[in-house]
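K.L.:
Dropping in entry-v5.cif, which is mmCIF, C-alpha atoms and all ligand atoms:
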data_target
loop_
_atom_site.label_atom_id
_atom_site.label_comp_id
_atom_site.auth_asym_id
_atom_site.auth_seq_id
_atom_site.Cartn_x
_atom_site.Cartn_y
_atom_site.Cartn_z
CA MET A 1 -200.17 -38.00 -88.09
CA SER A 2 -198.47 -35.85 -90.67
CA LYS A 3 -199.95 -34.94 -94.01
CA ILE A 4 -198.33 -33.16 -96.94
CA LEU A 5 -200.37 -31.82 -99.86
CA ILE A 6 -198.38 -30.96 -102.97
CA LYS A 7 -200.46 -28.83 -105.31
CA ASN A 8 -200.25 -27.05 -108.65
CA ILE A 9 -197.91 -29.79 -109.91
CA LYS A 10 -197.08 -29.02 -113.54
CA GLU A 11 -196.99 -32.76 -114.31
CA LEU A 12 -197.29 -35.76 -112.00
CA VAL A 13 -195.13 -38.41 -113.66
CA GLN A 14 -195.38 -42.22 -113.66
CA VAL A 15 -198.93 -42.67 -112.37
CA LEU A 16 -199.63 -46.41 -112.44
CA SER A 17 -202.27 -48.73 -111.05
CA ALA A 18 -201.20 -51.13 -108.32
CA ASP A 19 -201.26 -54.21 -110.55
CA VAL A 20 -198.44 -52.97 -112.83
CA LYS A 21 -195.26 -54.82 -111.83
CA LEU A 22 -193.08 -53.79 -114.77
CA LEU A 23 -193.35 -52.39 -118.29
CA LYS A 24 -191.96 -54.18 -121.32
CA GLY A 25 -191.59 -53.86 -125.08
CA THR A 26 -193.92 -51.23 -126.57
CA GLU A 27 -195.45 -50.57 -123.11
CA MET A 28 -192.19 -48.84 -122.26
CA SER A 29 -192.79 -46.07 -124.80
CA ASN A 30 -195.79 -44.81 -122.84
CA LEU A 31 -195.32 -42.71 -119.71
CA SER A 32 -198.49 -42.17 -117.76
CA THR A 33 -198.80 -38.64 -116.30
CA ILE A 34 -201.37 -36.12 -115.01
CA THR A 35 -200.86 -32.47 -115.94
CA GLY A 36 -202.05 -29.89 -113.41
CA ALA A 37 -202.12 -32.25 -110.47
CA TRP A 38 -202.10 -32.57 -106.68
CA LEU A 39 -200.64 -35.33 -104.53
CA LEU A 40 -201.47 -36.15 -100.90
CA LEU A 41 -199.03 -37.94 -98.61
CA GLU A 42 -199.87 -39.17 -95.14
CA ASN A 43 -197.02 -40.36 -92.92
CA ASP A 44 -194.94 -42.60 -95.19
CA THR A 45 -197.66 -43.37 -97.75
CA ILE A 46 -199.10 -41.94 -100.97
CA ILE A 47 -202.78 -41.50 -100.08
CA ASP A 48 -204.35 -39.88 -103.11
CA PHE A 49 -203.81 -37.68 -106.17
CA GLY A 50 -205.78 -36.09 -108.95
CA GLU A 51 -206.32 -33.06 -111.17
CA MET A 52 -206.26 -29.57 -109.66
CA ASN A 53 -209.96 -28.97 -110.35
CA ASN A 54 -210.78 -31.41 -107.53
CA CYS A 55 -207.93 -30.57 -105.16
CA PRO A 56 -208.83 -31.29 -101.50
CA ASP A 57 -209.04 -28.62 -98.80
CA ASP A 58 -205.68 -27.75 -97.36
CA ASN A 59 -206.72 -26.72 -93.84
CA GLU A 60 -204.20 -27.84 -91.23
CA ILE A 61 -202.12 -29.67 -93.79
CA GLU A 62 -198.55 -28.85 -94.77
CA VAL A 63 -198.79 -27.53 -98.33
CA ILE A 64 -196.07 -27.45 -100.97
CA ASP A 65 -196.82 -25.26 -103.98
CA ALA A 66 -195.21 -26.99 -106.98
CA THR A 67 -196.11 -24.41 -109.62
CA GLY A 68 -193.91 -25.02 -112.70
CA LYS A 69 -192.40 -28.14 -111.13
CA MET A 70 -192.90 -31.85 -111.73
CA VAL A 71 -193.24 -34.71 -109.27
CA PHE A 72 -191.74 -38.15 -109.94
CA PRO A 73 -191.46 -41.34 -107.91
CA ALA A 74 -187.86 -41.30 -106.56
CA TRP A 75 -185.37 -43.15 -108.76
CA CYS A 76 -184.58 -46.75 -107.79
CA ASP A 77 -180.93 -47.68 -108.30
CA SER A 78 -180.89 -51.47 -108.40
CA HIS A 79 -177.14 -52.01 -108.87
CA THR A 80 -174.41 -50.32 -106.82
CA HIS A 81 -171.20 -51.05 -104.92
CA ILE A 82 -171.17 -47.94 -102.74
CA VAL A 83 -169.50 -49.49 -99.71
CA PHE A 84 -165.80 -49.17 -100.50
CA ALA A 85 -162.67 -47.96 -98.75
CA LYS A 86 -160.87 -45.79 -101.29
CA SER A 87 -161.36 -44.25 -104.70
CA ARG A 88 -159.21 -45.59 -107.58
CA GLU A 89 -158.35 -42.57 -109.70
CA GLU A 90 -154.82 -43.93 -110.22
CA GLU A 91 -156.34 -46.65 -112.41
CA PHE A 92 -158.31 -43.99 -114.26
CA VAL A 93 -154.97 -42.37 -115.11
CA ASP A 94 -153.54 -45.80 -116.12
CA ARG A 95 -156.40 -46.19 -118.56
CA ILE A 96 -155.87 -42.72 -119.98
CA ASN A 97 -152.29 -43.86 -120.60
CA GLY A 98 -153.47 -46.87 -122.56
CA LEU A 99 -154.04 -49.84 -120.21
CA THR A 100 -157.29 -51.83 -120.47
CA TYR A 101 -159.55 -52.74 -117.52
CA GLN A 102 -158.32 -56.34 -117.86
CA GLU A 103 -154.64 -55.27 -117.93
CA ILE A 104 -155.17 -53.16 -114.83
CA ALA A 105 -156.83 -56.13 -113.10
CA ALA A 106 -153.90 -58.36 -114.11
CA LYS A 107 -151.38 -56.04 -112.41
CA GLY A 108 -153.26 -56.06 -109.10
CA GLY A 109 -155.70 -53.25 -109.77
CA GLY A 110 -159.44 -53.56 -110.21
CA ILE A 111 -161.60 -55.40 -107.72
CA LEU A 112 -158.55 -56.88 -105.96
CA ASN A 113 -157.20 -53.37 -105.39
CA SER A 114 -160.46 -52.41 -103.68
CA ALA A 115 -160.33 -55.61 -101.63
CA LYS A 116 -156.83 -54.82 -100.36
CA LYS A 117 -157.90 -51.31 -99.33
CA LEU A 118 -161.11 -52.52 -97.72
CA GLU A 119 -159.40 -55.12 -95.58
CA ASN A 120 -157.59 -52.40 -93.64
CA ALA A 121 -160.60 -50.11 -93.20
CA SER A 122 -162.70 -50.23 -90.03
CA GLU A 123 -166.45 -50.81 -90.11
CA GLU A 124 -166.91 -47.26 -88.87
CA GLU A 125 -164.78 -45.78 -91.67
CA LEU A 126 -166.66 -47.79 -94.27
CA TYR A 127 -170.00 -46.70 -92.84
CA THR A 128 -169.04 -43.02 -92.81
CA GLY A 129 -167.82 -43.17 -96.41
CA ALA A 130 -170.89 -45.03 -97.65
CA LEU A 131 -173.25 -42.72 -95.77
CA LYS A 132 -171.67 -39.74 -97.52
CA ARG A 133 -172.35 -41.39 -100.89
CA VAL A 134 -175.92 -42.26 -99.88
CA ASN A 135 -176.46 -38.56 -99.15
CA GLU A 136 -174.96 -37.67 -102.53
CA ILE A 137 -177.26 -39.97 -104.49
CA GLN A 138 -180.27 -38.66 -102.56
CA LEU A 139 -179.43 -35.17 -103.82
CA THR A 140 -179.88 -36.48 -107.37
CA GLY A 141 -183.27 -38.05 -106.63
CA THR A 142 -182.52 -41.66 -105.67
CA GLY A 143 -184.88 -43.09 -103.04
CA ALA A 144 -184.00 -46.80 -103.09
CA VAL A 145 -180.65 -48.45 -103.59
CA GLU A 146 -179.29 -51.96 -103.84
CA ILE A 147 -175.78 -52.28 -102.40
CA LYS A 148 -173.42 -55.21 -102.98
CA SER A 149 -170.59 -56.66 -100.98
CA GLY A 150 -167.70 -58.14 -102.97
CA TYR A 151 -164.71 -55.98 -102.05
CA GLY A 152 -164.06 -58.10 -98.97
CA LEU A 153 -163.25 -61.53 -100.42
CA THR A 154 -162.40 -62.90 -96.97
CA VAL A 155 -164.97 -64.13 -94.45
CA GLU A 156 -164.42 -61.22 -92.06
CA ALA A 157 -164.20 -58.51 -94.71
CA GLU A 158 -167.33 -59.68 -96.55
CA LEU A 159 -169.25 -59.75 -93.26
CA LYS A 160 -167.86 -56.30 -92.44
CA MET A 161 -169.25 -54.92 -95.70
CA LEU A 162 -172.62 -56.56 -95.18
CA ARG A 163 -172.86 -55.23 -91.63
CA VAL A 164 -172.22 -51.73 -92.97
CA ILE A 165 -175.03 -52.23 -95.51
CA LYS A 166 -177.31 -53.48 -92.72
CA ARG A 167 -176.51 -50.41 -90.65
CA LEU A 168 -177.32 -48.14 -93.62
CA LYS A 169 -180.61 -50.01 -93.95
CA GLN A 170 -181.42 -49.33 -90.30
CA THR A 171 -180.25 -45.73 -90.09
CA CYS A 172 -181.17 -44.19 -93.47
CA ASP A 173 -184.51 -43.13 -94.89
CA ILE A 174 -183.47 -44.37 -98.32
CA THR A 175 -184.69 -47.95 -98.94
CA VAL A 176 -181.71 -50.34 -98.97
CA LYS A 177 -181.44 -53.90 -100.30
CA ALA A 178 -178.31 -55.93 -99.52
CA ASN A 179 -176.67 -58.17 -102.10
CA PHE A 180 -173.97 -60.70 -101.17
CA LEU A 181 -171.36 -60.74 -103.95
CA GLY A 182 -168.62 -62.80 -102.33
CA ALA A 183 -168.00 -64.25 -105.82
CA HIS A 184 -166.94 -60.90 -107.31
CA ALA A 185 -163.37 -62.01 -108.09
CA ILE A 186 -160.97 -64.78 -107.06
CA PRO A 187 -158.78 -63.42 -104.23
CA VAL A 188 -154.99 -63.52 -104.83
CA LYS A 189 -154.51 -66.03 -102.01
CA TYR A 190 -156.77 -68.50 -103.83
CA LYS A 191 -155.42 -67.92 -107.34
CA ASP A 192 -154.33 -71.56 -107.59
CA ASN A 193 -157.07 -72.90 -105.36
CA ARG A 194 -160.41 -71.67 -106.72
CA ARG A 195 -162.14 -74.62 -105.09
CA GLY A 196 -160.89 -73.47 -101.69
CA TYR A 197 -162.44 -70.01 -102.10
CA ILE A 198 -165.75 -71.37 -103.37
CA ASP A 199 -165.86 -73.68 -100.34
CA LEU A 200 -165.18 -70.67 -98.12
CA ILE A 201 -168.18 -68.83 -99.63
CA ILE A 202 -170.47 -71.82 -99.30
CA ASN A 203 -169.37 -73.26 -95.98
CA GLU A 204 -168.27 -70.21 -94.03
CA MET A 205 -169.70 -66.99 -95.44
CA LEU A 206 -173.26 -68.10 -96.21
CA PRO A 207 -174.01 -69.66 -92.81
CA ARG A 208 -172.82 -66.46 -91.05
CA ILE A 209 -174.89 -64.31 -93.42
CA LYS A 210 -177.95 -66.39 -92.62
CA GLU A 211 -177.28 -66.23 -88.89
CA GLU A 212 -176.99 -62.42 -88.85
CA GLY A 213 -179.67 -61.77 -91.52
CA LEU A 214 -177.19 -59.81 -93.63
CA ALA A 215 -178.41 -60.18 -97.23
CA ASP A 216 -181.49 -60.20 -99.44
CA PHE A 217 -179.81 -61.29 -102.68
CA ILE A 218 -176.88 -63.39 -103.86
CA ASP A 219 -174.84 -62.43 -106.90
CA VAL A 220 -171.93 -63.89 -108.91
CA PHE A 221 -169.67 -62.28 -111.52
CA CYS A 222 -170.13 -64.94 -114.20
CA GLU A 223 -167.52 -63.84 -116.75
CA THR A 224 -164.29 -64.96 -118.43
CA ASN A 225 -161.43 -64.71 -115.87
CA TYR A 226 -163.93 -64.48 -113.00
CA TYR A 227 -166.45 -67.33 -112.35
CA THR A 228 -167.45 -70.05 -114.81
CA PRO A 229 -171.15 -70.89 -115.21
CA GLU A 230 -170.55 -74.15 -113.31
CA GLU A 231 -168.94 -72.37 -110.38
CA ALA A 232 -171.61 -69.65 -110.43
CA SER A 233 -174.35 -72.26 -110.44
CA GLU A 234 -172.97 -73.99 -107.36
CA ILE A 235 -172.65 -70.71 -105.43
CA ILE A 236 -176.12 -69.51 -106.43
CA ASP A 237 -177.63 -72.86 -105.37
CA ALA A 238 -176.08 -72.55 -101.94
CA GLY A 239 -177.41 -68.99 -101.59
CA LYS A 240 -180.90 -70.03 -102.62
CA LYS A 241 -180.85 -72.69 -99.91
CA ILE A 242 -180.60 -69.97 -97.25
CA GLY A 243 -183.36 -67.92 -98.87
CA LEU A 244 -181.33 -65.43 -100.92
CA ILE A 245 -182.73 -64.35 -104.29
CA PRO A 246 -180.28 -64.70 -107.21
CA LYS A 247 -178.95 -61.90 -109.40
CA PHE A 248 -176.04 -62.08 -111.85
CA HIS A 249 -173.23 -59.86 -113.11
CA THR A 250 -172.78 -61.22 -116.60
CA ASN A 251 -172.07 -60.59 -120.30
CA GLN A 252 -169.91 -57.53 -119.58
CA PHE A 253 -167.04 -58.63 -121.82
CA THR A 254 -168.02 -62.08 -123.12
CA SER A 255 -171.08 -64.32 -123.42
CA ILE A 256 -170.35 -67.55 -121.54
CA GLY A 257 -173.76 -68.71 -120.31
CA GLY A 258 -174.61 -66.30 -117.51
CA ILE A 259 -177.93 -65.33 -119.09
CA GLN A 260 -179.01 -68.96 -119.34
CA LEU A 261 -178.01 -69.49 -115.72
CA GLY A 262 -180.06 -66.46 -114.68
CA VAL A 263 -183.10 -67.77 -116.55
CA ALA A 264 -182.74 -71.30 -115.13
CA ASN A 265 -182.44 -69.92 -111.59
CA LYS A 266 -185.33 -67.47 -111.94
CA ALA A 267 -182.97 -64.60 -111.11
CA LEU A 268 -184.53 -61.25 -110.27
CA SER A 269 -182.17 -59.61 -112.74
CA VAL A 270 -179.15 -60.18 -114.96
CA ASP A 271 -176.94 -57.12 -115.02
CA HIS A 272 -174.45 -55.50 -117.46
CA LEU A 273 -175.27 -57.28 -120.78
CA GLU A 274 -172.92 -55.18 -122.90
CA VAL A 275 -172.24 -58.33 -124.97
CA MET A 276 -175.41 -60.21 -125.99
CA THR A 277 -175.78 -62.91 -128.65
CA ASP A 278 -179.09 -63.50 -130.42
CA GLU A 279 -179.39 -66.71 -128.43
CA ASP A 280 -178.97 -64.75 -125.18
CA ILE A 281 -181.76 -62.38 -126.20
CA ASN A 282 -184.06 -65.25 -127.17
CA ASP A 283 -183.43 -67.06 -123.91
CA ILE A 284 -184.08 -64.07 -121.71
CA ALA A 285 -187.22 -63.20 -123.69
CA SER A 286 -188.83 -66.40 -122.43
CA SER A 287 -188.35 -65.47 -118.76
CA ASP A 288 -189.33 -62.97 -116.02
CA VAL A 289 -185.71 -61.96 -115.47
CA MET A 290 -185.12 -58.18 -115.63
CA PRO A 291 -182.29 -57.14 -117.97
CA THR A 292 -180.42 -54.40 -116.08
CA LEU A 293 -178.23 -52.06 -118.08
CA LEU A 294 -175.45 -49.85 -116.77
CA PRO A 295 -174.64 -47.18 -119.36
CA SER A 296 -172.36 -45.09 -117.14
CA CYS A 297 -170.06 -48.12 -116.83
CA SER A 298 -169.87 -48.29 -120.65
CA PHE A 299 -169.23 -44.56 -120.75
CA PHE A 300 -166.45 -44.64 -118.17
CA LEU A 301 -164.67 -47.75 -119.53
CA ASN A 302 -165.28 -46.88 -123.17
CA ILE A 303 -166.81 -50.29 -123.84
CA PRO A 304 -169.91 -51.01 -125.97
CA TYR A 305 -173.34 -50.10 -124.61
CA ALA A 306 -175.86 -52.89 -123.96
CA PRO A 307 -178.31 -53.39 -126.86
CA ALA A 308 -181.24 -51.77 -125.03
CA LYS A 309 -183.30 -51.05 -128.12
CA LYS A 310 -182.88 -54.58 -129.44
CA LEU A 311 -184.19 -55.94 -126.13
CA ILE A 312 -187.18 -53.59 -126.13
CA ASN A 313 -187.96 -54.35 -129.76
CA ARG A 314 -187.94 -58.05 -128.84
CA GLY A 315 -190.71 -57.28 -126.31
CA LEU A 316 -188.48 -57.26 -123.24
CA PRO A 317 -188.37 -54.85 -120.30
CA VAL A 318 -185.13 -53.05 -119.45
CA CYS A 319 -183.95 -51.51 -116.20
CA LEU A 320 -181.31 -48.78 -115.82
CA ALA A 321 -178.93 -48.53 -112.87
CA THR A 322 -175.68 -46.70 -112.07
CA ASP A 323 -173.24 -49.48 -111.03
CA PHE A 324 -171.74 -46.81 -108.69
CA ASN A 325 -168.32 -48.22 -107.74
CA PRO A 326 -164.75 -46.92 -107.41
CA GLY A 327 -163.30 -48.78 -110.42
CA SER A 328 -165.63 -48.71 -113.41
CA THR A 329 -168.33 -46.15 -112.47
CA PRO A 330 -167.49 -43.50 -109.91
CA SER A 331 -170.93 -41.89 -110.23
CA GLY A 332 -174.29 -42.59 -108.62
CA ASN A 333 -176.22 -40.01 -110.61
CA MET A 334 -179.33 -41.61 -112.12
CA ASN A 335 -180.09 -38.48 -114.15
CA PHE A 336 -176.81 -38.88 -116.00
CA VAL A 337 -177.66 -42.58 -116.55
CA LEU A 338 -180.90 -41.45 -118.21
CA SER A 339 -178.98 -39.03 -120.45
CA LEU A 340 -176.55 -41.75 -121.54
CA ALA A 341 -179.40 -44.20 -122.15
CA CYS A 342 -181.12 -41.66 -124.41
CA ILE A 343 -177.96 -40.50 -126.20
CA ASN A 344 -176.08 -43.79 -126.61
CA MET A 345 -178.75 -46.50 -126.36
CA LYS A 346 -181.40 -44.48 -128.19
CA LEU A 347 -184.02 -44.93 -125.48
CA THR A 348 -186.75 -42.32 -125.58
CA PRO A 349 -187.17 -40.26 -122.38
CA GLU A 350 -190.34 -42.28 -121.67
CA GLU A 351 -188.46 -45.58 -121.97
CA ALA A 352 -185.59 -44.29 -119.84
CA ILE A 353 -187.90 -43.01 -117.07
CA ASN A 354 -189.85 -46.30 -117.01
CA ALA A 355 -186.53 -48.18 -116.83
CA ALA A 356 -185.35 -46.10 -113.84
CA THR A 357 -188.58 -46.26 -111.84
CA ILE A 358 -191.05 -49.16 -112.01
CA ASN A 359 -188.68 -51.57 -113.80
CA ALA A 360 -185.86 -50.67 -111.42
CA ALA A 361 -188.15 -51.31 -108.46
CA TYR A 362 -188.94 -54.74 -109.97
CA ALA A 363 -185.20 -55.47 -110.22
CA MET A 364 -184.98 -54.88 -106.44
CA GLY A 365 -188.12 -56.85 -105.60
CA ILE A 366 -189.88 -53.72 -104.31
CA GLU A 367 -192.30 -52.99 -107.16
CA SER A 368 -195.34 -53.31 -104.87
CA THR A 369 -194.13 -50.39 -102.72
CA HIS A 370 -191.84 -48.27 -104.94
CA GLY A 371 -191.29 -47.08 -108.50
CA SER A 372 -194.56 -45.32 -109.30
CA ILE A 373 -197.15 -42.83 -108.08
CA THR A 374 -199.75 -45.29 -106.86
CA LYS A 375 -202.15 -45.11 -103.93
CA GLY A 376 -200.76 -47.10 -101.02
CA LYS A 377 -197.15 -47.03 -102.22
CA LYS A 378 -194.38 -45.45 -100.15
CA ALA A 379 -194.18 -41.66 -100.13
CA ASN A 380 -190.78 -41.72 -101.88
CA ILE A 381 -190.90 -38.96 -104.46
CA PHE A 382 -188.94 -36.01 -105.79
CA LEU A 383 -189.88 -32.55 -106.95
CA THR A 384 -187.99 -31.09 -109.88
CA LYS A 385 -186.96 -27.49 -110.32
CA GLU A 386 -189.12 -25.56 -112.79
CA ILE A 387 -188.59 -27.45 -116.05
CA PRO A 388 -190.32 -27.23 -119.45
CA SER A 389 -190.95 -30.98 -119.87
CA TYR A 390 -189.83 -34.32 -118.45
CA ALA A 391 -187.58 -34.84 -121.48
CA PHE A 392 -185.58 -31.88 -120.13
CA ILE A 393 -184.06 -34.16 -117.44
CA PRO A 394 -182.08 -36.42 -119.82
CA TYR A 395 -181.61 -33.55 -122.30
CA TYR A 396 -180.00 -31.09 -119.88
CA PHE A 397 -177.24 -33.57 -119.11
CA GLY A 398 -174.80 -33.14 -116.27
CA HIS A 399 -177.09 -30.74 -114.40
CA ASN A 400 -179.27 -31.61 -111.45
CA GLN A 401 -182.94 -30.78 -111.88
CA ILE A 402 -184.00 -32.33 -108.57
CA GLU A 403 -185.15 -29.64 -106.15
CA SER A 404 -186.29 -31.74 -103.22
CA LEU A 405 -186.64 -35.35 -102.20
CA ILE A 406 -189.28 -36.81 -99.88
CA LEU A 407 -188.53 -40.23 -98.37
CA ASN A 408 -191.04 -42.08 -96.19
CA GLY A 409 -193.06 -38.86 -96.17
CA LYS A 410 -190.09 -36.88 -94.74
CA ILE A 411 -188.70 -33.89 -96.62
CA MET A 412 -184.97 -34.63 -97.03
CA LYS A 413 -183.84 -31.43 -98.76
ZN ZN B 501 -171.58 -54.16 -110.61
#
Written as structure tokens, that's how I'd like the structure from this file.
P.N.:
Amino acid sequence: MSKILIKNIKELVQVLSADVKLLKGTEMSNLSTITGAWLLLENDTIIDFGEMNNCPDDNEIEVIDATGKMVFPAWCDSHTHIVFAKSREEEFVDRINGLTYQEIAAKGGGILNSAKKLENASEEELYTGALKRVNEIQLTGTGAVEIKSGYGLTVEAELKMLRVIKRLKQTCDITVKANFLGAHAIPVKYKDNRRGYIDLIINEMLPRIKEEGLADFIDVFCETNYYTPEEASEIIDAGKKIGLIPKFHTNQFTSIGGIQLGVANKALSVDHLEVMTDEDINDIASSDVMPTLLPSCSFFLNIPYAPAKKLINRGLPVCLATDFNPGSTPSGNMNFVLSLACINMKLTPEEAINAATINAAYAMGIESTHGSITKGKKANIFLTKEIPSYAFIPYYFGHNQIESLILNGKIMK
């Protein structure tokens, strides 16, 4: 049995009771903390915490003195594509020279470019590359990550990606959720035979995924030039039949009904949402679907930011994630996401931290074990460096204020 007592914590951040599943509307402006605190971990679990004036005895316990430092629940990143074969900085240069994301996609770049590169990579190469990125995001405080397939777009390549994600799940201390995104784009081979590819997803990929237990979620890119709401609906239905929970990529460039589909299918989250009509906002407000916003994608592509404040003012929750991927967001740094959310979406630091912890855990279906400092939850936390306040994290943008990460009660760095 191993116990760790962290004491003299300047501020213990995001202390919630076990019944809080998410925070929405005005609830998001409150961040619950204890100043001058201690925290006790036993094996992989948060056992207890409190104010320093009733700190337990530290005989025969490993003690960390956190004087001047803060403790947070580790960030949850509910939207990433970190299994990929090659970076795509040549497209970055194309965009600097004036091409749009859509124009780059049309000339064989974008998702199809990643698919071509992934097809030739071995499972081992993909695993090694993804593991390196998992280690990178841990250094910036991430303790749970959702990873999508979707750069395979053939039966074998999609399964290859999902097997890599499964291996990460089994070998890493970070919590991993796997999302099957076979409907990320229409592969070149099926350009004139969309039906054929959808049949391949439904009749060949899904049964294999079920057989090998390769995914938790199913996702579709419901967007102009990608999948129509009708096609998305059919794919999501088939995924639900094998027990996968729906999520959607939608409203990144246009509003074509993805939100409504997410609501009708009781999706865990609808992600992107850079383009939202009033009707979209009204429809999502009547549901339990988590709006997930990806500000570093907006930053990198120079596209509008999702209307986070409008959603919160309408009483909705919001979640923040990185969208870490080689095309539109080559960064998995949640601290930078918080900075962008504060600077460009006008979230307060409290709203941004709530969006990246408890709400992000909800968007991954792990809110009963992650996303807050709560007795009985997983010992997945980080210690900051000495910082003046929690607002310093989004304020001091581009720097890393995470000093050490503890996952499952194990000190990672
Ligand atoms: Zn994405």
K.L.:
Expressed in Å to a single decimal, how great is the separation between CA of Asp48 (chain A) and CA of Leu16 (chain A)?
P.N.:
12.3 Å
K.L.:
Which residues are near Ala74 (chain A)? Cut-off 10 Å, all atoms listed in the file, ignore same chain within fewer than 3 positions. Put them as an MDAnalysis selection string.
P.N.:
chainID A and resid 71 77 138 140:144 174 356:357 370:373 379:383 402 405:407
K.L.:
Please extract the residues at most 12 Å from ligand ZN 501 (chain B), counting all atoms listed in the file, and provide them as a ChimeraX atom specification, using the chain letters and residue numbers of this document.
P.N.:
/A:77-82,111,146-151,179-181,183-185,219-222,247-252,270-273,292-298,321-330
K.L.:
So how many Å separate CA of Ser269 (chain A) and CA of Met345 (chain A), to one decimal?
P.N.:
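Value for the CA of Ser269 (chain A)-CA of Met345 (chain A) distance: 19.2 Å.
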K.L.:
For a test of reading the model, state the distance in Å between CA of Tyr101 (chain A) and CA of Ala360 (chain A), rounded to one decimal.
P.N.:
27.1 Å
K.L.:
Considering only C-alpha atoms, state which residue in the set A:Lys413, A:Glu350, A:Tyr390, A:Gly98 is at the smallest distance from Leu12 (chain A).
P.N.:
A:Tyr390
K.L.:
Restricting the calculation to all atoms listed in the file, which member of A:Ile137, A:Leu244, A:Asp94, A:Met276 is positioned closest to Asn400 (chain A)?
P.N.:
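Selected residue with least distance to Asn400 (chain A): A:Ile137.
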K.L.:
Once you count only C-alpha atoms, which residues end up no further than 10 Å from (-175.9, -49.5, -92.1) in the file's frame, shown as a list of chain:residue names?
P.N.:
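Residues lying no farther than 10 Å from the given point: A:Val83, A:Glu123, A:Glu124, A:Leu126, A:Tyr127, A:Thr128, A:Ala130, A:Leu131, A:Met161, A:Leu162, A:Arg163, A:Val164, A:Ile165, A:Lys166, A:Arg167, A:Leu168, A:Lys169, A:Gln170, A:Thr171, A:Cys172, A:Val176.
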K.L.:
Fewer than 6 positions away in the same chain doesn't count, so skip those; otherwise give me all residues within 12 Å of Ile104 (chain A), counting only C-alpha atoms, as a PyMOL selection string.
P.N.:
chain A and resi 88+90-98+110-113+301+327-328
K.L.:
Nearest to Tyr226 (chain A): which of A:Leu31, A:Ala178, A:Ile186, A:Val13 is it, counting only C-alpha atoms?
P.N.:
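Smallest distance to Tyr226 (chain A) is found for A:Ile186.
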K.L.:
Excluding Lys309 (chain A) and any residue of its chain fewer than 2 positions from it, enumerate the residues within 10 Å of it, using only C-alpha atoms, and give them as a ChimeraX atom specification.
P.N.:
/A:25,306-307,311-316,318,341,345-348,351
K.L.:
Find the residue from A:Thr384, A:Ser331, A:Asn344, A:Ser122 that sits nearest to Lys160 (chain A); use only C-alpha atoms when measuring.
P.N.:
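That would be A:Ser122, the residue with the smallest distance to Lys160 (chain A).
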K.L.:
Go through A:Leu320, A:Leu338, A:Ile6, A:Ala121 and flag the residue nearest Ile358 (chain A), using all atoms listed in the file for the distances.
P.N.:
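Closest to Ile358 (chain A), using all atoms listed in the file: A:Leu320.
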K.L.:
Point out the residue among A:Val275, A:Ala215, A:Ile46, A:Ala115 with the least atom-to-atom distance to Gly258 (chain A), counting only C-alpha atoms.
P.N.:
A:Val275
K.L.:
Which polymer residues have any atom within 10 Å of an atom of Ile235 (chain A), counting all atoms listed in the file, with same-chain residues fewer than 5 positions away left out, as a PyMOL selection string?
P.N.:
chain A and resi 182-183+198-199+201-202+206+218-220+227+229-230+240+246
K.L.:
Report, as lines of an AutoDock Vina configuration file, the axis-aligned box around all atoms of region 292-295 of chain A present in the file, extended by 6 Å on each side; give centre and edge lengths in Å to one decimal place.
P.N.:
center_x = -177.5
center_y = -50.8
center_z = -117.7
size_x = 17.8
size_y = 19.2
size_z = 15.3
